[in-house]
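**Student:** After the structure tokens below, expect a handful of questions from me.
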Amino acid sequence: MSEIELVDVQAGYGRAAPVLRGFSVAVPAGTVVCLVGPNGAGKSTVLKVASGLLGPRSGRVMVGGRDMTGAGPQKMLAEGVALVLQGHSVFREMTVEENVLLGGYTLKDRTRKAKRAAFVKELFPVVGERWHSLAGLLSGGQQKQVEFARSLMVDPKVVLLDEPSMGLDPKATSTIFEQVVRMRDAGTAVLLVEQNARRALETADLGCVLDLGRVHISGPAADLLADPQLGELYLGGRPAEKPPAV
Amino acid sequence: MPLAAGAVLIVAIAMFPSLAPNPYILSSGVIVLNWAVLATAWNFVGGFTGYISLGHGALAGLGGYATGLLITKADLPSFVALIVAAVLVAALAVPIGFAALRVRGASFVIVSIALVLILLLVFQSWSSVTGGSRGLVVPRPFPGMLRPEHHRVFFFLYGGLLLLALATWWLLDRSRFGMGLKAIREDEDKAESLGTPTFAYKLTVFVVSAAFTALAGGLYALWFGDLDPVFQFSVLTGSYIVLMALLGGVRNLYGPVLGAIVVGVALEYFKVEFGNTPLHLVTTGLLLGLVVMFMPDGVIPSLTALVKRLRKREDSSIREVTAADLAEQRKREREAANS
């Protein structure tokens, strides 16, 4: 059974034409599913619908087999769907500790909260190292890891990641993708939206190419990476191709 | 550190009445402590949630008038009236906060100013109850007591109230509730998306702030003995409170107290030196401008940051660290410890 599934979803903003036009995706337990596609394809809109920030015009949002269509973000969080927003969304004037504990704000049981905090510190060593620092003083990549840790405090079934490598240098980007794999290995499913399509597909188990609000093609991420036509259209050419000899 | 500073404050409060050279200085001390309680009470809302209220002067005025009216109209003993008045103002703060806290930023500031102006009109016009523009005379709680002793007693009462307000702020700052409030200050929408009941939290802390503000206003009514709506419901009072908190440092336990000492003493000095001129307004306006330009976080946070910069802590690097880097670093540390 999928942790989260969007079925034939139509969604958009205001009275404008729909951005998603019959979009479907399923995120099985313990997998990283990556959504790639050109700008304006509707990738971020998928995450807004999945997290409850945007209600679909039609279609269904299923969480663990339960129909949660139309539920708001707090209800989706309670059902185990956590969202990590695009850009940096830490509370800059608060410590890393406070940021992470805020992620578990809905947890009433102190022992459980302490256990989750210990777990995320183990999973993201930088978070533990910087536990008492102000989050605003951390680098972009470190802040992103604090956001990951915060999202895992409620022990979610699935984490929705919106462009986690945005604005990060190559080393920080590598660290971020390394942490996405660690999240998956720790048992949390991940639905990843990423502009850095090739790097994201290398990390993911399953891939889904989105274009004009519909699924263009989906399947194992490795197969999508190997498809030369997809490489040309969506992944910016194939790195395996060598430049012509001079 | 907060406990050490608290101990210094307790000693200063305990010793000031014996060191004050004359009753005027002692009465000035009472006024400064009144400002300190008001600014600390304001800091519950301004410091924790970032909502800037210019209407706290009106809450103090309500506390003063409620205390005076409960004594004169309901024949309650002075200090019972003070407590009942604070409870009534706290209860009234619920519908006020319910309406005002629905808006943010500049809109909240404007709503808070409107509160002051509406209450001024009500208390000036409703003369059969409030005494209108003639004011309200509040009976003294200790009728036979000489002036210097009266000031000394009220100095200690204000000191006790200030310590109570500071202790409450300190406890909130360390609580789960305080963490939720600080998240609201940083980003209300984000805090809500993480499950913080933002509106309930803002309303609760507004009520707590109103209760302390009303206690300060009521104590002022008992000490001064005369209330005039023009002074009790003045936007200027709220502006002074904000200036004090900004100067010392909002988000800081002792910031408003430091600001109240600096601005409160300056205001008394200008009154003595220049009489009833607008010079004190010009000077406080200038001070506010300087604070906003050069120390937007206030004196205490700016000095703390300076000390930290001078110390140049070793862990100030923000270099990206991967799990592999950390494993290597720990290995080196273990090897160093073993050798």
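Each chain in the structure tokens gets a letter, A, B and so on, in the order shown; residues start at 1 in every chain, and ligands are counted from 1 in the order they appear.
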Taking only C-alpha atoms into account, report as an MDAnalysis selection string which residues of chain A lie within 7 Å of chain B.

**Tutor:** chainID A and resid 73:74 91 102:103 105:106 125:126 138:139 141:142 172 175

**Student:** With N, CA, C and O atoms retained, export the selected residues as a short mmCIF file (atom, residue, chain, number, x, y, z; two decimals), in the first residue's frame.

**Tutor:**
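again.cif, freshly written:
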data_model
loop_
_atom_site.label_atom_id
_atom_site.label_comp_id
_atom_site.auth_asym_id
_atom_site.auth_seq_id
_atom_site.Cartn_x
_atom_site.Cartn_y
_atom_site.Cartn_z
N PRO A 73 -3.51 21.52 6.20
CA PRO A 73 -2.13 21.11 6.50
C PRO A 73 -1.95 20.50 7.88
O PRO A 73 -1.17 19.55 8.04
N GLN A 74 -2.67 21.03 8.89
CA GLN A 74 -2.50 20.47 10.24
C GLN A 74 -3.03 19.04 10.32
O GLN A 74 -2.44 18.19 10.98
N PHE A 91 13.36 28.93 11.67
CA PHE A 91 13.13 30.12 12.49
C PHE A 91 14.51 30.66 12.85
O PHE A 91 15.19 30.11 13.72
N LEU A 102 10.09 22.35 17.73
CA LEU A 102 8.84 22.90 17.19
C LEU A 102 8.21 21.93 16.19
O LEU A 102 6.99 21.89 16.04
N GLY A 103 9.04 21.16 15.52
CA GLY A 103 8.52 20.15 14.60
C GLY A 103 7.67 19.12 15.32
O GLY A 103 6.75 18.56 14.76
N TYR A 105 5.81 19.79 17.93
CA TYR A 105 4.95 20.58 18.82
C TYR A 105 3.66 19.86 19.16
O TYR A 105 3.11 20.01 20.24
N THR A 106 3.17 19.04 18.21
CA THR A 106 1.89 18.37 18.45
C THR A 106 2.05 17.13 19.33
O THR A 106 1.06 16.56 19.77
N PRO A 125 23.84 14.31 11.83
CA PRO A 125 24.87 14.65 12.84
C PRO A 125 25.08 16.15 12.99
O PRO A 125 25.32 16.64 14.10
N VAL A 126 24.96 16.91 11.90
CA VAL A 126 25.20 18.36 11.98
C VAL A 126 24.18 19.02 12.92
O VAL A 126 24.50 19.96 13.65
N LEU A 138 23.54 29.26 10.71
CA LEU A 138 24.00 28.07 9.99
C LEU A 138 24.07 28.34 8.48
O LEU A 138 23.41 29.26 7.98
N SER A 139 24.85 27.55 7.79
CA SER A 139 24.92 27.67 6.33
C SER A 139 23.61 27.15 5.71
O SER A 139 22.81 26.50 6.40
N GLY A 141 23.01 24.71 3.60
CA GLY A 141 22.85 23.26 3.65
C GLY A 141 22.52 22.77 5.05
O GLY A 141 21.70 21.86 5.24
N GLN A 142 23.15 23.40 6.04
CA GLN A 142 22.88 23.00 7.43
C GLN A 142 21.45 23.37 7.83
O GLN A 142 20.76 22.60 8.51
N ALA A 172 27.20 21.16 -0.61
CA ALA A 172 26.00 21.15 0.24
C ALA A 172 24.89 20.34 -0.41
O ALA A 172 24.17 19.59 0.26
N THR A 175 25.48 16.75 0.23
CA THR A 175 25.10 16.41 1.61
C THR A 175 23.59 16.24 1.72
O THR A 175 23.10 15.31 2.37
#

**Student:** Show which residues sit within 7 Å of region 301-309 of chain B, as number ranges by chain. Count only C-alpha atoms, and ignore same-chain residues fewer than 4 positions away.

**Tutor:** B: 249, 295, 297

**Student:** Taking all heavy atoms for each residue, export the selection above as a PDB file, in the first residue's frame.

**Tutor:**
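The resulting file, part_27.pdb, is shown below:
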ATOM      1  N   GLY B 249      15.920  46.447  24.955  1.00  0.00           N
ATOM      2  CA  GLY B 249      15.972  45.205  24.167  1.00  0.00           C
ATOM      3  C   GLY B 249      14.735  44.364  24.385  1.00  0.00           C
ATOM      4  O   GLY B 249      14.591  43.761  25.450  1.00  0.00           O
ATOM      5  N   MET B 295      20.746  50.745  17.139  1.00  0.00           N
ATOM      6  CA  MET B 295      20.632  49.545  17.974  1.00  0.00           C
ATOM      7  C   MET B 295      19.219  48.991  17.873  1.00  0.00           C
ATOM      8  O   MET B 295      18.460  49.015  18.841  1.00  0.00           O
ATOM      9  CB  MET B 295      20.964  49.881  19.434  1.00  0.00           C
ATOM     10  CG  MET B 295      22.433  49.982  19.704  1.00  0.00           C
ATOM     11  SD  MET B 295      22.776  50.133  21.460  1.00  0.00           S
ATOM     12  CE  MET B 295      22.242  51.792  21.775  1.00  0.00           C
ATOM     13  N   ASP B 297      18.040  46.192  17.954  1.00  0.00           N
ATOM     14  CA  ASP B 297      17.706  45.110  18.889  1.00  0.00           C
ATOM     15  C   ASP B 297      17.747  45.564  20.341  1.00  0.00           C
ATOM     16  O   ASP B 297      17.429  44.794  21.242  1.00  0.00           O
ATOM     17  CB  ASP B 297      18.676  43.930  18.710  1.00  0.00           C
ATOM     18  CG  ASP B 297      18.456  43.238  17.381  1.00  0.00           C
ATOM     19  OD1 ASP B 297      17.307  43.284  16.890  1.00  0.00           O
ATOM     20  OD2 ASP B 297      19.419  42.689  16.827  1.00  0.00           O
TER      21      ASP B 297
END

**Student:** Within 9 Å of Gly159 (chain B), counting only C-alpha atoms, which residues show up once you throw out same-chain ones fewer than 3 positions away? Write them as a VMD selection string, please.

**Tutor:** chain B and resid 10 13 to 14 30 33 to 34 37 154 to 156 162 to 164

**Student:** Calculated over only C-alpha atoms, which of the candidates A:Gly40, A:Gly30, A:Thr95, A:Val61 has the smallest distance to Leu6 (chain A)?

**Tutor:** A:Val61

**Student:** Would you work out the distance separating CA of Cys34 (chain A) from CA of Leu192 (chain A), expressed in Å to one decimal?

**Tutor:**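 Distance between the two atoms: 4.6 Å.
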
**Student:** Can you list, as an NGL selection string, all residues belonging to region 108-236 of chain A that DSSP tags as strand (DSSP E)?

**Tutor:** :A and (158-162 or 189-193 or 206-211 or 214-220)
